[in-house]
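Next up, model-v5.cif (mmCIF, C-alpha atoms and all ligand atoms):
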```cif
data_upload
#
loop_
_atom_site.group_PDB
_atom_site.id
_atom_site.type_symbol
_atom_site.label_atom_id
_atom_site.label_comp_id
_atom_site.auth_asym_id
_atom_site.auth_seq_id
_atom_site.Cartn_x
_atom_site.Cartn_y
_atom_site.Cartn_z
ATOM 1 C CA MET A 1270 -7.357 -2.720 -26.303
ATOM 2 C CA LYS A 1271 -3.738 -1.581 -26.508
ATOM 3 C CA ILE A 1272 -2.303 1.875 -26.782
ATOM 4 C CA ASP A 1273 1.145 3.187 -27.678
ATOM 5 C CA GLY A 1274 1.869 5.272 -24.575
ATOM 6 C CA PHE A 1275 4.224 7.949 -25.850
ATOM 7 C CA GLN A 1276 2.415 8.198 -29.175
ATOM 8 C CA PHE A 1277 -0.905 8.607 -27.337
ATOM 9 C CA ALA A 1278 0.563 11.418 -25.197
ATOM 10 C CA ARG A 1279 2.380 13.178 -28.058
ATOM 11 C CA SER A 1280 -0.738 13.309 -30.196
ATOM 12 C CA SER A 1281 -2.931 14.414 -27.248
ATOM 13 C CA SER A 1282 -5.236 11.507 -28.037
ATOM 14 C CA GLU A 1283 -8.417 10.868 -26.123
ATOM 15 C CA LEU A 1284 -10.267 7.669 -25.533
ATOM 16 C CA ALA A 1285 -13.392 6.898 -23.535
ATOM 17 C CA GLY A 1286 -15.495 3.824 -22.966
ATOM 18 C CA VAL A 1287 -16.235 1.004 -20.578
ATOM 19 C CA ILE A 1288 -14.030 -1.856 -19.408
ATOM 20 C CA ASP A 1289 -16.523 -4.616 -18.738
ATOM 21 C CA ALA A 1290 -16.448 -7.195 -15.964
ATOM 22 C CA ALA A 1291 -14.998 -9.915 -18.207
ATOM 23 C CA GLN A 1292 -11.806 -7.847 -18.513
ATOM 24 C CA LEU A 1293 -11.435 -7.395 -14.747
ATOM 25 C CA PRO A 1294 -10.438 -10.841 -13.435
ATOM 26 C CA ARG A 1295 -8.307 -9.582 -10.553
ATOM 27 C CA LEU A 1296 -11.146 -7.456 -9.180
ATOM 28 C CA ALA A 1297 -13.420 -10.486 -9.388
ATOM 29 C CA GLU A 1298 -10.869 -12.467 -7.367
ATOM 30 C CA MET A 1299 -11.006 -9.754 -4.729
ATOM 31 C CA GLN A 1300 -14.781 -10.274 -4.473
ATOM 32 C CA CYS A 1301 -15.379 -6.948 -6.149
ATOM 33 C CA ARG A 1302 -18.363 -7.054 -8.478
ATOM 34 C CA THR A 1303 -19.000 -4.356 -11.036
ATOM 35 C CA PRO A 1304 -20.877 -4.223 -14.321
ATOM 36 C CA GLY A 1305 -17.909 -2.290 -15.719
ATOM 37 C CA ILE A 1306 -15.591 0.659 -15.195
ATOM 38 C CA ARG A 1307 -16.215 3.815 -17.215
ATOM 39 C CA PHE A 1308 -12.949 5.391 -18.308
ATOM 40 C CA ARG A 1309 -11.654 8.500 -20.004
ATOM 41 C CA LEU A 1310 -8.018 8.617 -21.048
ATOM 42 C CA LYS A 1311 -6.315 11.759 -22.235
ATOM 43 C CA GLY A 1312 -2.770 11.984 -23.494
ATOM 44 C CA GLY A 1313 -0.650 15.074 -23.052
ATOM 45 C CA MET A 1314 2.111 16.743 -21.079
ATOM 46 C CA ASN A 1315 1.968 17.165 -17.319
ATOM 47 C CA ASP A 1316 3.073 20.345 -15.551
ATOM 48 C CA ARG A 1317 6.621 18.967 -15.418
ATOM 49 C CA GLY A 1318 6.646 18.904 -19.206
ATOM 50 C CA LYS A 1319 6.641 15.110 -19.326
ATOM 51 C CA ALA A 1320 4.418 12.858 -21.417
ATOM 52 C CA SER A 1321 1.548 11.673 -19.306
ATOM 53 C CA LEU A 1322 -1.836 10.014 -19.337
ATOM 54 C CA GLY A 1323 -4.741 11.637 -17.566
ATOM 55 C CA MET A 1324 -7.176 9.005 -16.372
ATOM 56 C CA GLU A 1325 -10.701 9.368 -15.067
ATOM 57 C CA LEU A 1326 -12.510 6.290 -13.816
ATOM 58 C CA SER A 1327 -15.906 5.729 -12.305
ATOM 59 C CA ALA A 1328 -17.842 2.591 -11.475
ATOM 60 C CA ASP A 1329 -20.570 1.214 -9.293
ATOM 61 C CA MET A 1330 -19.032 -1.606 -7.329
ATOM 62 C CA GLU A 1331 -20.146 -4.129 -4.789
ATOM 63 C CA LEU A 1332 -17.587 -5.306 -2.249
ATOM 64 C CA VAL A 1333 -18.012 -7.657 0.694
ATOM 65 C CA CYS A 1334 -18.034 -6.103 4.163
ATOM 66 C CA GLN A 1335 -15.297 -7.847 6.118
ATOM 67 C CA ARG A 1336 -17.241 -7.594 9.351
ATOM 68 C CA CYS A 1337 -20.644 -8.982 8.399
ATOM 69 C CA MET A 1338 -19.704 -10.576 5.020
ATOM 70 C CA GLN A 1339 -22.687 -8.880 3.390
ATOM 71 C CA PRO A 1340 -22.576 -6.784 0.198
ATOM 72 C CA LEU A 1341 -21.191 -3.301 0.508
ATOM 73 C CA ALA A 1342 -21.833 -0.679 -2.175
ATOM 74 C CA PHE A 1343 -18.755 1.241 -3.259
ATOM 75 C CA GLY A 1344 -18.626 4.097 -5.725
ATOM 76 C CA LEU A 1345 -15.293 4.201 -7.513
ATOM 77 C CA LYS A 1346 -14.214 7.661 -8.584
ATOM 78 C CA ILE A 1347 -10.648 8.339 -9.669
ATOM 79 C CA GLU A 1348 -8.954 11.249 -11.357
ATOM 80 C CA THR A 1349 -5.256 10.756 -11.775
ATOM 81 C CA ASP A 1350 -2.358 11.735 -13.921
ATOM 82 C CA LEU A 1351 0.245 9.120 -14.719
ATOM 83 C CA GLU A 1352 3.619 10.225 -15.982
ATOM 84 C CA LEU A 1353 5.015 7.866 -18.601
ATOM 85 C CA ALA A 1354 8.286 6.239 -17.591
ATOM 86 C CA LYS A 1355 10.686 4.651 -20.055
ATOM 87 C CA SER A 1356 11.855 1.946 -17.667
ATOM 88 C CA GLN A 1357 11.025 0.239 -14.397
ATOM 89 C CA THR A 1358 14.327 1.618 -13.035
ATOM 90 C CA GLU A 1359 13.124 5.151 -13.699
ATOM 91 C CA ILE A 1360 10.013 4.441 -11.627
ATOM 92 C CA GLU A 1361 11.883 2.774 -8.778
ATOM 93 C CA SER A 1362 14.672 5.334 -8.532
ATOM 94 C CA ALA A 1363 12.344 8.361 -8.575
ATOM 95 C CA ASP A 1364 12.294 10.080 -5.211
ATOM 96 C CA ASP A 1365 9.129 12.156 -5.439
ATOM 97 C CA GLU A 1366 5.357 11.934 -5.228
ATOM 98 C CA VAL A 1367 4.724 11.703 -8.975
ATOM 99 C CA ASP A 1368 2.625 8.718 -10.077
ATOM 100 C CA ARG A 1369 4.332 6.929 -12.916
ATOM 101 C CA ILE A 1370 3.479 4.089 -15.225
ATOM 102 C CA LEU A 1371 5.797 2.044 -17.401
ATOM 103 C CA ALA A 1372 5.126 3.077 -20.992
ATOM 104 C CA SER A 1373 5.317 0.767 -23.966
ATOM 105 C CA ARG A 1374 4.083 0.575 -27.521
ATOM 106 C CA SER A 1375 1.294 -1.741 -26.495
ATOM 107 C CA MET A 1376 -0.066 -0.812 -23.096
ATOM 108 C CA ASP A 1377 -3.048 -2.904 -22.078
ATOM 109 C CA LEU A 1378 -5.819 -0.448 -21.329
ATOM 110 C CA ALA A 1379 -7.965 -2.864 -19.325
ATOM 111 C CA ALA A 1380 -5.003 -3.844 -17.116
ATOM 112 C CA MET A 1381 -4.110 -0.187 -16.522
ATOM 113 C CA VAL A 1382 -7.667 0.636 -15.510
ATOM 114 C CA GLU A 1383 -7.847 -2.439 -13.282
ATOM 115 C CA ASP A 1384 -4.534 -1.533 -11.598
ATOM 116 C CA GLU A 1385 -5.791 1.932 -10.705
ATOM 117 C CA ALA A 1386 -9.117 0.581 -9.464
ATOM 118 C CA ILE A 1387 -7.401 -1.979 -7.210
ATOM 119 C CA LEU A 1388 -5.202 0.744 -5.703
ATOM 120 C CA ALA A 1389 -8.308 2.787 -4.899
ATOM 121 C CA LEU A 1390 -10.184 0.006 -3.101
ATOM 122 C CA PRO A 1391 -10.355 0.129 0.685
ATOM 123 C CA MET A 1392 -7.822 -2.187 2.334
ATOM 124 C CA ILE A 1393 -10.550 -3.691 4.519
ATOM 125 C CA PRO A 1394 -14.029 -2.936 3.159
ATOM 126 C CA ARG A 1395 -16.523 -2.404 5.944
ATOM 127 C CA HIS A 1396 -19.959 -0.857 6.312
ATOM 128 C CA GLU A 1397 -19.616 2.551 7.896
ATOM 129 C CA HIS A 1398 -22.312 1.571 10.364
ATOM 130 C CA CYS A 1399 -22.078 -2.178 10.370
ATOM 131 C CA SER A 1400 -24.615 -3.724 12.698
ATOM 132 C CA GLU A 1401 -23.456 -7.310 12.453
ATOM 133 C CA ALA A 1402 -21.357 -9.218 14.932
ATOM 134 C CA ALA A 1403 -17.768 -10.227 14.261
ATOM 135 C CA PRO A 1404 -17.077 -12.787 11.482
ATOM 136 C CA GLY A 1405 -17.935 -16.277 12.622
ATOM 137 C CA ALA A 1406 -20.935 -15.190 14.650
ATOM 138 C CA VAL A 1407 -23.253 -15.250 11.665
ATOM 139 C CA PRO A 1408 -26.929 -15.883 12.391
ATOM 140 C CA ALA A 1409 -28.049 -19.302 11.164
ATOM 141 C CA VAL A 1410 -30.607 -17.758 8.833
ATOM 142 C CA MET A 1411 -27.792 -16.060 6.899
ATOM 143 C CA GLU A 1412 -25.852 -19.238 6.245
ATOM 144 C CA SER A 1413 -27.436 -19.932 2.884
ATOM 145 C CA VAL A 1414 -26.237 -16.620 1.444
ATOM 146 C CA GLN A 1415 -22.652 -16.847 2.648
ATOM 147 C CA PRO A 1416 -20.047 -16.296 -0.076
ATOM 148 C CA ALA A 1417 -18.559 -19.485 -1.488
ATOM 149 C CA LYS A 1418 -15.065 -18.360 -0.505
ATOM 150 C CA PRO A 1419 -15.014 -17.738 3.226
ATOM 151 C CA VAL A 1420 -11.422 -16.483 3.237
ATOM 152 C CA SER A 1421 -11.281 -13.093 1.574
ATOM 153 C CA PRO A 1422 -8.056 -11.730 0.093
ATOM 154 C CA PHE A 1423 -8.698 -8.612 2.161
ATOM 155 C CA GLY A 1424 -8.578 -10.679 5.314
ATOM 156 C CA VAL A 1425 -5.301 -12.223 4.207
ATOM 157 C CA LEU A 1426 -3.850 -8.772 3.529
ATOM 158 C CA ALA A 1427 -4.973 -7.557 6.915
ATOM 159 C CA ALA A 1428 -3.394 -10.570 8.614
ATOM 160 C CA LEU A 1429 -0.124 -9.937 6.782
ATOM 161 C CA LYS A 1430 -0.133 -6.332 7.909
ATOM 162 C CA GLN A 1431 -0.876 -7.330 11.462
ATOM 163 C CA GLY A 1432 1.956 -9.850 11.423
ATOM 164 C CA ARG A 1433 4.416 -7.268 10.219
ATOM 165 C CA LYS A 1434 3.455 -4.822 12.942
ATOM 166 C CA LYS A 1435 4.009 -7.452 15.594
ATOM 167 C CA GLY A 1436 7.305 -8.597 14.090
HETATM 168 ZN ZN ZN B 1 -21.100 -4.971 7.442
#
```

Could you express the structure from this file as structure tokens?
Ligand SMILES: [Zn+2]
Amino acid sequence: MKIDGFQFARSSSELAGVIDAAQLPRLAEMQCRTPGIRFRLKGGMNDRGKASLGMELSADMELVCQRCMQPLAFGLKIETDLELAKSQTEIESADDEVDRILASRSMDLAAMVEDEAILALPMIPRHEHCSEAAPGAVPAVMESVQPAKPVSPFGVLAALKQGRKKG
């Protein structure tokens, strides 16, 4: 589904529904399973008098704990306000804490929702009280339920971060 950003804001439009799993390929790649993300989008003006999109998201998600590689339940809950920007330059040159999104006449709703969800995911998902040993020391009995992809994108991210710190 596409929306015209400025038009949506000007007319104070509202839209609600569910973005289903089939429209969330990047989350799937990150080993994040969800039946769908419930969304509510509301166009309007923010307190700076700029066109903006208010976005509320919620979803039941299942991530993979990076310590024990077992499923980890995660409740996504986001309430954000995105100011519409006319250009990428406007976003990059802004020197403040305002969240902006590049507006166009055909903004892809599913991609917008997925972007926000990805930003809200923990960098390294882990059970709060994880009882398992470090990765690699998986009990033999668990082997049959190991994820097909042993290298998680989260692990790669973490390694990158680590490398930068050292460098
Ligand atoms: Zn765990």

*Identify, counting all atoms listed in the file, the protein, DNA and RNA residues located within 8 Å of ligand ZN 1 (chain B), and give them as an NGL selection string.*
:A and (1333-1341 or 1395-1401)

Write out as a Markdown table a residue-level contact list of segment 1319-1409 of chain A versus segment 1276-1281 of chain A with cut-off 10 Å: for each qualifying residue the closest pair of atoms and the distance in Å to one decimal, counting all atoms listed in the file, rows sorted by chain and residue number upward.
```
| residue | atom | partner | partner_atom | distance |
| --- | --- | --- | --- | --- |
| A:Lys1319 | CA | A:Ala1278 | CA | 9.2 |
| A:Ala1320 | CA | A:Ala1278 | CA | 5.6 |
| A:Ser1321 | CA | A:Ala1278 | CA | 6.0 |
| A:Leu1322 | CA | A:Ala1278 | CA | 6.5 |
| A:Gly1323 | CA | A:Ala1278 | CA | 9.3 |
| A:Glu1352 | CA | A:Ala1278 | CA | 9.8 |
| A:Leu1353 | CA | A:Ala1278 | CA | 8.7 |
| A:Ser1373 | CA | A:Gln1276 | CA | 9.5 |
| A:Arg1374 | CA | A:Gln1276 | CA | 8.0 |
```

_Report, in Å with one decimal, the straight-line distance from atom CA of Asp1316 of chain A to atom CA of Asp1273 of chain A._
21.1 Å

_When you look at Gln1292 of chain A with a cut-off of 9 Å (counting all atoms listed in the file), what residues show up, excluding the ones that are within fewer than 3 positions of it in the same chain? I need them as a list in words._
Ile1288, Asp1289, Arg1295, Gly1305, Ala1379, Ala1380 and Glu1383 of chain A

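Note that atom CA of Met1381 of chain A and atom CA of Lys1271 of chain A are 10.1 Å apart.
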
*Output check: residues returned by the PyMOL selection byres (((chain A and resi 1344) around 8) and not hetatm), as a list of chain:residue names*: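 For this structure, the PyMOL selection byres (((chain A and resi 1344) around 8) and not hetatm) resolves to A:Ser1327, A:Ala1328, A:Asp1329, A:Met1330, A:Ala1342, A:Phe1343, A:Leu1345, A:Lys1346.
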
Using all atoms of segment 1320-1337 of chain A that appear in the file, construct an axis-aligned enclosing box with 4 Å of padding on every side and provide its centre coordinates and edge lengths in Å, rounded to one decimal, as lines of an AutoDock Vina configuration file.
```
center_x = -8.1
center_y = 1.9
center_z = -6.0
size_x = 33.1
size_y = 29.8
size_z = 38.8
```

*What residues come out when you apply the PyMOL selection byres (((chain A and resi 1299) around 10) and not hetatm) to this file, written as a list of chain:residue names?*
A:Pro1294, A:Arg1295, A:Leu1296, A:Ala1297, A:Glu1298, A:Gln1300, A:Cys1301, A:Arg1302, A:Leu1332, A:Val1333, A:Ile1387, A:Leu1390, A:Ser1421, A:Pro1422, A:Phe1423

_Among the residues A:Leu1371, A:Glu1348, A:Leu1293, A:Asp1377, the one that comes closest to Arg1309 of chain A [using only C-alpha atoms]_ = A:Glu1348

*Can you list, as JSON, numbers by chain, the residues that the PyMOL selection byres (((chain A and resi 1350) around 10) and not hetatm) selects here?*
{"A": [1310, 1311, 1312, 1313, 1314, 1315, 1321, 1322, 1323, 1324, 1325, 1347, 1348, 1349, 1351, 1352, 1353, 1367, 1368, 1369, 1370]}

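Put simply, atom CA of Asp1384 of chain A is 11.8 Å away from atom CA of Ile1306 of chain A.
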